[in-house]
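K.L.:
Please see the structure below; I have some questions.
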Amino acid sequence: MPGLEIEQIVQMLTSLESRAIKVHALQCSKLRHRRSTCALCADHCPVKAITWEESLQVDPEKCTGCGICAAVCPTGALEARNPTNLELCTRIQELAKTETSIVFACPTYLRGAEGADDRRLRVNCLGRLDESILAGALSVGIQSVRLLAGACASCPHAIGLAVAEQVTHRTNALLGAFGISARIRVSLEPPCAPEPPAQPSAPSAGLSRRSFFRLLTRETARKAAVGVESILGIPNARTQKPEKGELPAALPAKRRLLLAALRRIGKSVAAESPADGGLWARFGFKEACNGCQMCAFFCPTGALSKVQEGGKVGVTFRTSHCTACRLCQEICDCGAVTLSSTVDLSKVLADSVDVLLMQEVKACPWLESPEERIKRILSEMFPNGNSRSGL
Amino acid sequence: MNARESSVGWSLSRRTFLKATGALGAALALRESCEGVLRSGPARAAAAQAQPEKETVVPTICGGCHQNCGMLVHVRGGRVVSVEGNPDHPMNSGDLCPKAQAASQILYAPDRLKYPLLRAGKRGEGKWKRISWDEALDFMANKLKEVRDKYGPMALAMSTAAPVMQCSRTTFVQFPAVYGTPNRMSGNNCYVNRMLALVATFGYRAEDDYDQTRLILLWGGNPLASMRAGSYAAYDGLQRPILDAIERGAKLIVIDPIYTDTAAKAQQWIPIRPGTDGALALAMLHVIINEGLYDRGFVQDWTVGFTELTELVQDYPPEKVARITSVPAETIRSLAREYAITKPALIHEANAWAFHTNGTQTCRAIACLMAVTGNLDAPGGPVCFPGSAGDRLTVVEDLPPTVQVAAKPLGADKYRLMPNGPSVFDAMSSGKPYPIKALIVFHSDPIVVLQDGNRQRDVFAKNLDFLAVIDIFHTPTTQMADIVLPDTTFLERLDYRHHPSARGAIVALRQPVVKPMYESLPGYDIELKLAARMGFLDKYPWKSGEEMLNHILKPSKVTVQDLRKKPVQFITGPMVYKKYEKGLLRPDKKPGFATPSGKVELSSSVFQKAGYDPLPRYIEPAESPVSTPELAKRYPLIGMSRRSATFVHSKYRNIPWLREIESEPFIRVNPEDAAKRGIADGNLVIAETKRGQIRMRAKVTSTVTPGVVLIDGCWWKPENLSDLSWTLNALIDMEARDPIGNLATLSSFLCEIKKA
Amino acid sequence: MQRGFYVDTERCVGCRSCEVSCKQWNALPPYVLGKTGPRWRRVVSIESGTYPAPLLVNVSTACMHCGKPACAAVCPTGAITKRIEDGIVVVNKDKCIGCRYCSFACPFGVPQYGEDGLMQKCNLCLERVERGEDPACVASCPGKALHAGTMEDMSKLASRKAGRKLAGATQPSILISR
């Protein structure tokens with residue numbers, strides 16, 4: 001990543017912040033570690049507001065606030081808002097009191113539909129929807145979900161359809177594991193009145209800067225965490241202030257909503273998550289591991305934490321918190337991290353934590369005092385014995 | 001980091017973010033940023049930001065130890081930010097030891113004495129009331145008048161420190177003389193009996209001419225670690241002269257029970273039983289004289305008493321001395337031959353000679369060794385540099401009071417050549433021949449430095465009507481005081497230092513770098529203010545510190561004002577060798593040495609006249625496996641005192657950067673002795689003598705001779721001033737003393753250690 | 001032109017002046033009762049042998065400003081960089097996130113972490129070196145045992161005493177002579 005520095009990533013990402021997108025820059029795996037190859041947001045941005053060639057480039061002027069980047073971001077660095085996932089879920093919960101099916105549609109699709117149906121939930125682009133919303137709907141009693149896709153082929157947001165289809169497929173597969181047959185589908189229907197998409201939403205620069213600053217203070221961070229928690233009932237792995245020498249880690253809101261939904265649905269019928277699920281990964285390690293624990297240090301969602309037990313160092317792995325971002329694998333110096341795509345769903349539901357002990361403390365030179373370390377090396381240079389005695 | 005900062009939480013990322021958000025308004029173009037790179041430490045950078053004033057550099061001299069190295073002090077906005085060695089000062093040529101490097105922490109130490117304090121509780125309770133200088137000085141003057149009226153002026157004694165800085169030699173010298181007392185409790189701890197022996201033998205205090213020598217005999221000294229290559233001489237570098245000599249091919253032989261940092265650089269290390277150096281010197285003389293290896297011409301022309309010395313050394317054949325010293329006879333022979341044959345050769349005048357009850361005669365024996373080989377004042381030998389003690393060209397090192405006290409000081413009847421010192425403590429504790437009722441302690445910590453601090457504490461509490469302590473920090477001694485007055489550090493005071501060197505005698509200025517902190521005052525100002533209240537001022541030839549310094553500097557013909565223009569000046573020409581041939585050593589300008597006979601007195605007339613053995617006969621230390629075998633059964637180890645350049649004497653145990661190097665005192669013990677007692681490295685151990693015990697951690701190390709323990713000396717706990725369990729001198733007392741030097745032992749006492 | 005150090009252990013007495021010099025020049029926080037602060041320079045005393053033939057060697061060490069600094073290679077944020085002009089390895093505190101990756105990568109235990117949790121280490125007194133002065137530790141060394149400069153100059157100095165480069169995969173820029 002030549003020339004790409006943290007502060008530049010922060011600046012760029014932050015410039016995206018607008019009424020449609022909220023940025024949690026520290027969650028970005030790219031920012032956490034320059035060796036991350038993640039570029040999902042850029043790969044999926046339909047208007048090239050985010051690009052990734054030599055380095056990350058952000059052009060906030062181009063952003064239309066479609067929210068696709070937020071849907072594909074595995075670590076919650078980008079979050080869609082207006083409405084937020086939480087707001088959408090709350091709305092769905094309301095609807096579920098009277099309805100058994102819901103329909104999502106984009107503004108382009110809906111533009112022509114005068115007196116739009118209340119049940120048609122408006123999202124900036126279908127690609128903005130993620131598993132937490134779709135599974136969430138089914139978890140509160142909705143029987144079927146339809147995503148109305150119309151003129152996507154001619155829409156500048158075309159890629160949104162592909163994302164929506166993938167999300168739909170994943171959600172159906174996941175729910176299948178819970179004994180719920182596919183109830184979500186993407187319908188290709190002619191739009192009411194196809195029109196070009198909305199003008200780019202103006203980023204609210206002044207506000208974003210200040211709100212961003214506020215976000216950085218511990219107090220706000222904690223308040224936010226508490227607020228969401230009370231609604232979602234899924235605690236963040238690290239709501240307390242990070243220790244010195246730790247990066248803050250937070251479970252993305254969409255993951256919390258998904259976990260809450262799955263709990264509402266209840267016990268799974270399948271033991272493992274669908275093979276190509278892409279939502280979780282099971283962490284493991286090979287013998288090559290030297291016990292540096294950097295995987296845990298950089299894990300953005302708090303799935304991995306450092307542990308030292310019985311003279312060994314290792315990590316704890318909280319399956320439910322893993323979002324399969326694969327950062328741990330990418331940054332492992334020893335190539336020791338293994339990630340398998342299926343996970344034990346009961347561990348997800350129980351929020352259980354596995355302890356993986358990797359290396360004897362003794363075998364970790366960086367854990368010995370720096371003094372001892374250098375002394376050991378230099379002692380080898382000066383072997384024993386003195387020939388200068390007087391006796 | 002303070003609490004406020006750490007409460008922000010992961011301040012690292014916060015700072016990253018602050019920076020990033022601060023730059024948000026700016027263009028998003030990539031920027032080659034190097035701003036966060038630590039060009040200098042974070043605190044320094046912060047200081048530069050907080051005080052954008054220009055940094056000025058003030059040349060001055062350090063006051064951490066006796067060396068008084070040249071120092072460049074960086075000052076910003078009236079605050080010292082860092083110090084550097086002055087590359088142009090002939091003492092250190094830019095070198096600085098850890099103490100000097102920690103100067104800013106000494107100056108800005110939070111625990112500095114800030115105001116005059118009056119005792120508010122019982123002695124030792126550590127309760128104080130802040131008072132004004134006027135109140136303090138009035139109180140002090142009244143107390144001193146009371147003591148004088150009730151007991152006479154001799155009831156006052158002074159306690160000042162080793163001459164670490166000039167001020168410790170020249171402050172509170174005039175005051176007691178005008179008051180009418182000759183009594184000083186301090187001063188007999190190390191160099192004075194060496195000086196006595198050397199001056200009695202050849203009239204000057206030897207400095208080492210390293211740059212031209214071929215053999216360096218370092219005997220009981222560790223100058224590489226102490227960074228004091230000579231007594232006071234400047235060598236253009238602290239360790240340079242010895243290290244350069246080795247590189248040049250000179251041989252370095254170290255005689256020491258301890259494999260010291262200096263021994264580690266030597267070609268030969270000869271371990272010896274502590275306190276038997278005099279015997280070794282006599283055995284060497286035995287070999288040198290009997291084998292005819294001495295300088296016949298020099299001995300014939302310039303010495304007296306050679307016949308008597310020859311007779312004496314017949315009692316010390318190497319085989320006999322090998323049993324005394326535990327140095328093999330063959331080693332003694334080869335050492336003696338090598339020393340006698342190698343020309344030029346020098347023996348460094350070392351601290352440890354004097355630390356035993358036979359110290360003065362040991363120094364005499366070694367002085368004879370220096371003399372018979374013809375090395376005295378010869379190039380590469382033990383020389384008298386311009387400005388050395390004993391050199392006629394010297395400036396006044398000690399300030400002789402302009403008022404003479406008729407009465408002889410305490411101890412003058414018994415210790416004719418070395419009164420005062422422990423004799424004053426004798427009088428203080430026994431009331432005989434007259435009581436000591438008041439003590440002024442300036443720049444010194446007798447409870448820690450002099451023997452048996454516990455007993456001193458009791459005697460101070462019981463027998464003193466008045467104890468005043470002037471210092472920069474609280475010490476165990478201040479705890480016993482009635483009044484404590486804040487002194488200035490060396491960075492806040494006008495002062496000077498003078499050094500001998502081969503290039504000529506040097507005078508260097510110490511200038512105040514910052515204004516005195518808080519209400520601290522330089523010692524001479526305190527003295528003058530007190531003298532004014534006592535009505536003594538008319539007996540003072542000076543009315544200010546600067547006038548006092550000019551008074552002292554008179555023989556050098558430079559003034560403080562001159563030094564302000566040029567802070568380091570040579571006041572004499574370069575070294576002239578063999579001055580005894582040229583009539584440059586004696587006040588009467590005749591050839592010869594500055595002794596009564598004009599010759600090197602191998603048999604000392606000074607000693608004879610004082611009723612001492614004129615010959616340096618070897619006597620066992622007062623305590624040793626030989627002299628006190630019964631005691632040695634209970635206490636089989638020989639205790640020695642260790643000091644290091646991290647601190648000087650008792651100073652600076654409260655300075656964090658220095659405590660980081662040596663965080664606590666250790667008892668160093670050979671693995672063999674440790675194993676016998678089940679002691680492992682790092683174990684807490686108790687060291688005990690018949691007088692008391694202390695507790696320290698053990699360092700098990702092969703650098704210590706079996707049968708010997710090396711104990712860090714002069715320690716105290718800044719964290720707990722009443723706790724003397726780290727203080728070595730609880731193990732020793734003032735009872736058994738060198739009968740000539742009036743010095744109690746510091747480095748050969750019988751002890752035992754056990755796991756705590 | 002790579003800069004580095006040369007330690008002449010024959011002249012190093014273990015006084016630790018360099019340590020304090022470094023701390024005071026760089027204003028590093030001190031010892032707090034029982035706990036040492038960061039020390040960018042460390043004197044290692046190696047004792048071996050037995051009485052009457054013990055051996056005591058002191059080596060003053062700091063950052064080795066390696067030719068291939070492992071710390072910089074693993075640094076996730078690019079906070080550690082090696083200057084092209086003089087090979088000095090520097091840390092940008094604003095970019096460091098305190099992950100301690102560098103501490104396990106560095107074979108010599110050089111990276112240290114202060115109260116702020118961020119990595120800090122010797123920067124060869126950049127400010128002084130840029131002014132053409134010796135780093136503080138070298139300037140104050142009472143034994144003139146410690147030298148700093150271009151590796152070419154250091155090699156010349158060290159060759160007189162058969163000084164050797166400290167071996168290591170990271171190519172440390174330090175010469176040591178016995």
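Each chain in the structure tokens gets a letter, A, B, ..., in the order shown, and its residues are numbered from 1; ligands are numbered from 1 in order too.
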Skip A:Pro370 itself and residues of its chain fewer than 4 positions away, then list as a PyMOL selection string all residues within 12 Å of it, counting only C-alpha atoms.
P.N.:
(chain A and resi 364-366+374-377) or (chain C and resi 38-44+61-63+103-104+106-113)
K.L.:
Write out as an MDAnalysis selection string every residue belonging to chain C that has an atom at most 7 Å from any atom of chain B, counting only C-alpha atoms.
P.N.:
chainID C and resid 10:11 13 15:17 20:21 24:28 30:32 36 50:51 54:56 90:95 97 115:116 118 125:127 139:143
K.L.:
Name the residues in contact with A:Cys152 at a cut-off of 7 Å, using only C-alpha atoms, excluding same-chain residues fewer than 5 positions from it; report them as an MDAnalysis selection string.
P.N.:
chainID A and resid 157:158 161
K.L.:
Could you find all residues in stretch 145-343 of chain B that DSSP calls alpha helix (DSSP H) from the backbone, and write them as a VMD selection string?
P.N.:
chain B and resid 145 to 151 166 to 170 174 to 179 191 to 202 223 to 226 240 to 248 277 to 290 296 to 302 306 to 313 318 to 325 329 to 341
K.L.:
If you keep C-alpha atoms, can you produce a file of those selected residues as a PDB file, in the first residue's frame?
P.N.:
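Saved to out-v1.pdb:
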```pdb
ATOM      1  CA  LYS B 145      23.459  32.444  71.538  1.00  0.00           C
ATOM      2  CA  GLU B 146      21.734  30.349  74.197  1.00  0.00           C
ATOM      3  CA  VAL B 147      24.174  27.483  73.710  1.00  0.00           C
ATOM      4  CA  ARG B 148      27.156  29.837  73.785  1.00  0.00           C
ATOM      5  CA  ASP B 149      25.918  31.550  76.951  1.00  0.00           C
ATOM      6  CA  LYS B 150      25.182  28.294  78.696  1.00  0.00           C
ATOM      7  CA  TYR B 151      28.056  26.034  77.572  1.00  0.00           C
ATOM      8  CA  GLN B 166      33.890  24.195  46.601  1.00  0.00           C
ATOM      9  CA  CYS B 167      31.030  25.553  48.653  1.00  0.00           C
ATOM     10  CA  SER B 168      31.184  22.545  50.963  1.00  0.00           C
ATOM     11  CA  ARG B 169      34.751  23.544  51.836  1.00  0.00           C
ATOM     12  CA  THR B 170      34.239  27.254  52.098  1.00  0.00           C
ATOM     13  CA  GLN B 174      34.331  31.524  58.941  1.00  0.00           C
ATOM     14  CA  PHE B 175      31.186  31.325  61.059  1.00  0.00           C
ATOM     15  CA  PRO B 176      32.333  28.733  63.617  1.00  0.00           C
ATOM     16  CA  ALA B 177      35.717  30.468  63.874  1.00  0.00           C
ATOM     17  CA  VAL B 178      34.075  33.777  64.729  1.00  0.00           C
ATOM     18  CA  TYR B 179      31.695  31.963  67.070  1.00  0.00           C
ATOM     19  CA  TYR B 191      41.019  11.186  51.852  1.00  0.00           C
ATOM     20  CA  VAL B 192      42.427  13.030  54.848  1.00  0.00           C
ATOM     21  CA  ASN B 193      44.591  10.255  56.211  1.00  0.00           C
ATOM     22  CA  ARG B 194      45.850   9.404  52.742  1.00  0.00           C
ATOM     23  CA  MET B 195      46.758  13.029  52.353  1.00  0.00           C
ATOM     24  CA  LEU B 196      48.379  13.015  55.792  1.00  0.00           C
ATOM     25  CA  ALA B 197      50.545  10.008  54.940  1.00  0.00           C
ATOM     26  CA  LEU B 198      51.553  11.205  51.494  1.00  0.00           C
ATOM     27  CA  VAL B 199      52.299  14.746  52.579  1.00  0.00           C
ATOM     28  CA  ALA B 200      54.278  13.482  55.596  1.00  0.00           C
ATOM     29  CA  THR B 201      56.305  11.283  53.257  1.00  0.00           C
ATOM     30  CA  PHE B 202      56.942  13.506  50.255  1.00  0.00           C
ATOM     31  CA  PRO B 223      38.587   4.944  38.985  1.00  0.00           C
ATOM     32  CA  LEU B 224      36.949   3.761  35.795  1.00  0.00           C
ATOM     33  CA  ALA B 225      33.690   3.214  37.630  1.00  0.00           C
ATOM     34  CA  SER B 226      33.972   6.241  39.866  1.00  0.00           C
ATOM     35  CA  ARG B 240      40.031   8.494  28.803  1.00  0.00           C
ATOM     36  CA  PRO B 241      43.470   8.687  30.465  1.00  0.00           C
ATOM     37  CA  ILE B 242      43.376   5.106  31.761  1.00  0.00           C
ATOM     38  CA  LEU B 243      41.677   3.599  28.730  1.00  0.00           C
ATOM     39  CA  ASP B 244      44.022   5.439  26.387  1.00  0.00           C
ATOM     40  CA  ALA B 245      47.034   4.289  28.387  1.00  0.00           C
ATOM     41  CA  ILE B 246      45.890   0.674  28.012  1.00  0.00           C
ATOM     42  CA  GLU B 247      45.419   1.160  24.283  1.00  0.00           C
ATOM     43  CA  ARG B 248      48.835   2.748  24.090  1.00  0.00           C
ATOM     44  CA  ASP B 277      47.417  -3.846  51.634  1.00  0.00           C
ATOM     45  CA  GLY B 278      50.119  -2.503  53.942  1.00  0.00           C
ATOM     46  CA  ALA B 279      51.627  -5.979  54.277  1.00  0.00           C
ATOM     47  CA  LEU B 280      51.637  -6.428  50.509  1.00  0.00           C
ATOM     48  CA  ALA B 281      53.401  -3.085  50.089  1.00  0.00           C
ATOM     49  CA  LEU B 282      56.039  -4.080  52.609  1.00  0.00           C
ATOM     50  CA  ALA B 283      56.574  -7.445  50.900  1.00  0.00           C
ATOM     51  CA  MET B 284      56.983  -5.647  47.590  1.00  0.00           C
ATOM     52  CA  LEU B 285      59.503  -3.339  49.235  1.00  0.00           C
ATOM     53  CA  HIS B 286      61.203  -6.464  50.608  1.00  0.00           C
ATOM     54  CA  VAL B 287      61.661  -7.823  47.087  1.00  0.00           C
ATOM     55  CA  ILE B 288      62.575  -4.484  45.543  1.00  0.00           C
ATOM     56  CA  ILE B 289      65.138  -3.562  48.190  1.00  0.00           C
ATOM     57  CA  ASN B 290      66.657  -6.999  48.692  1.00  0.00           C
ATOM     58  CA  ARG B 296      69.739   3.917  43.984  1.00  0.00           C
ATOM     59  CA  GLY B 297      70.477   7.436  42.857  1.00  0.00           C
ATOM     60  CA  PHE B 298      67.116   8.782  43.926  1.00  0.00           C
ATOM     61  CA  VAL B 299      67.156   6.943  47.239  1.00  0.00           C
ATOM     62  CA  GLN B 300      70.617   8.232  48.016  1.00  0.00           C
ATOM     63  CA  ASP B 301      70.031  11.827  46.988  1.00  0.00           C
ATOM     64  CA  TRP B 302      66.451  12.441  47.930  1.00  0.00           C
ATOM     65  CA  PHE B 306      66.190   4.004  53.819  1.00  0.00           C
ATOM     66  CA  THR B 307      68.273   1.954  56.276  1.00  0.00           C
ATOM     67  CA  GLU B 308      65.408   1.809  58.766  1.00  0.00           C
ATOM     68  CA  LEU B 309      62.982   0.867  56.017  1.00  0.00           C
ATOM     69  CA  THR B 310      65.325  -1.840  54.764  1.00  0.00           C
ATOM     70  CA  GLU B 311      65.468  -3.233  58.255  1.00  0.00           C
ATOM     71  CA  LEU B 312      61.692  -3.110  58.640  1.00  0.00           C
ATOM     72  CA  VAL B 313      60.914  -4.910  55.393  1.00  0.00           C
ATOM     73  CA  PRO B 318      56.721 -12.743  50.424  1.00  0.00           C
ATOM     74  CA  GLU B 319      56.054 -16.180  51.899  1.00  0.00           C
ATOM     75  CA  LYS B 320      54.940 -14.694  55.193  1.00  0.00           C
ATOM     76  CA  VAL B 321      52.922 -11.969  53.521  1.00  0.00           C
ATOM     77  CA  ALA B 322      51.297 -14.499  51.213  1.00  0.00           C
ATOM     78  CA  ARG B 323      49.731 -16.008  54.323  1.00  0.00           C
ATOM     79  CA  ILE B 324      48.564 -12.593  55.488  1.00  0.00           C
ATOM     80  CA  THR B 325      47.237 -11.261  52.201  1.00  0.00           C
ATOM     81  CA  ALA B 329      54.365 -15.350  47.134  1.00  0.00           C
ATOM     82  CA  GLU B 330      55.290 -15.758  43.493  1.00  0.00           C
ATOM     83  CA  THR B 331      52.661 -13.241  42.492  1.00  0.00           C
ATOM     84  CA  ILE B 332      54.074 -10.800  45.056  1.00  0.00           C
ATOM     85  CA  ARG B 333      57.569 -11.297  43.682  1.00  0.00           C
ATOM     86  CA  SER B 334      56.627 -10.855  40.056  1.00  0.00           C
ATOM     87  CA  LEU B 335      54.428  -7.887  40.896  1.00  0.00           C
ATOM     88  CA  ALA B 336      57.241  -6.206  42.824  1.00  0.00           C
ATOM     89  CA  ARG B 337      59.750  -6.851  40.080  1.00  0.00           C
ATOM     90  CA  GLU B 338      57.436  -5.682  37.346  1.00  0.00           C
ATOM     91  CA  TYR B 339      56.583  -2.527  39.251  1.00  0.00           C
ATOM     92  CA  ALA B 340      60.214  -1.755  40.016  1.00  0.00           C
ATOM     93  CA  ILE B 341      61.590  -2.487  36.576  1.00  0.00           C
TER      94      ILE B 341
END
```
K.L.:
Which residue, B:Ala157, B:Leu494, B:Ala622, B:Leu509, has the smallest gap to B:Glu546 when you use only C-alpha atoms?
P.N.:
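Among the listed residues, B:Leu494 lies closest to B:Glu546.
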K.L.:
Could you tell me how far atom CA of B:Pro163 sits from atom CA of B:His89, in Å to one decimal place?
P.N.:
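So the answer is 20.0 Å.
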K.L.:
Mind pulling up the distance from atom CA of B:Phe607 to atom CA of B:Lys579?
P.N.:
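Between atom CA of B:Lys579 and atom CA of B:Phe607 the gap works out to 24.5 Å.
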K.L.:
Need the shell around stretch 58-64 of chain B: protein/DNA/RNA residues with any atom at most 7 Å away, counting only C-alpha atoms. Skip same-chain ones fewer than 6 positions apart. Format as a PDB file with C-alpha atoms, in the first residue's frame?
P.N.:
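Contents of the output file selection.pdb:
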```pdb
ATOM      1  CA  GLY B  70      32.112  21.262  32.530  1.00  0.00           C
ATOM      2  CA  MET B  71      28.487  21.322  31.568  1.00  0.00           C
ATOM      3  CA  LEU B  72      26.401  23.083  28.943  1.00  0.00           C
ATOM      4  CA  VAL B  73      22.917  23.633  30.235  1.00  0.00           C
ATOM      5  CA  HIS B  74      20.100  24.139  27.759  1.00  0.00           C
ATOM      6  CA  LYS B  99      24.472  12.031  37.957  1.00  0.00           C
ATOM      7  CA  ALA B 100      25.256  14.993  35.775  1.00  0.00           C
ATOM      8  CA  VAL B 164      32.211  17.601  46.524  1.00  0.00           C
ATOM      9  CA  MET B 165      31.795  21.233  45.647  1.00  0.00           C
ATOM     10  CA  PHE B 490      24.571  23.589  41.849  1.00  0.00           C
ATOM     11  CA  LEU B 509      33.169  29.140  37.152  1.00  0.00           C
ATOM     12  CA  ARG B 510      29.896  27.699  38.282  1.00  0.00           C
ATOM     13  CA  GLN B 511      27.228  30.158  37.332  1.00  0.00           C
ATOM     14  CA  VAL B 513      21.713  28.750  35.367  1.00  0.00           C
TER      15      VAL B 513
END
```
K.L.:
Which residues come within 12 Å of stretch 342-349 of chain A, counting only C-alpha atoms, excluding same-chain residues fewer than 5 positions away, as number ranges by chain?
P.N.:
A: 174-175, 177-178, 234, 255-256, 258-284, 303, 317-324, 354
K.L.:
Which of these residues is nearest to chain B, using only C-alpha atoms: A:Val72, A:Leu26, A:Ile184, A:Leu40?
P.N.:
A:Leu26
K.L.:
If you run DSSP on the backbone, which residues of chain C are strand (DSSP E), as an MDAnalysis selection string?
P.N.:
chainID C and resid 3:8 42:50 53:61 80:82 89:91 112:113 119:120 146:150 164:165 174:177
K.L.:
Measure the distance from atom CA of A:Cys63 to atom CA of A:Ala20 in Å and round it to one decimal.
P.N.:
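Separation of atom CA of A:Cys63 and atom CA of A:Ala20: 9.3 Å.
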K.L.:
I need the residue nearest chain A from this list: B:Glu623, B:Asp256, B:Glu547, B:Glu349. Use only C-alpha atoms for the distance.
P.N.:
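With only C-alpha atoms as the atom set, the closest residue is B:Asp256.
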K.L.:
Which of these residues is nearest to chain B, using only C-alpha atoms: A:Pro83, A:Glu368, A:Glu246, A:Gly176?
P.N.:
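Comparing A:Pro83, A:Glu368, A:Glu246, A:Gly176 against chain B, the winner is A:Glu246.
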K.L.:
What's the 9 Å shell around C:Ala148, counting only C-alpha atoms, without same-chain residues fewer than 3 positions away, as a PyMOL selection string?
P.N.:
chain C and resi 3-7+124+134-135+138+151+153-154
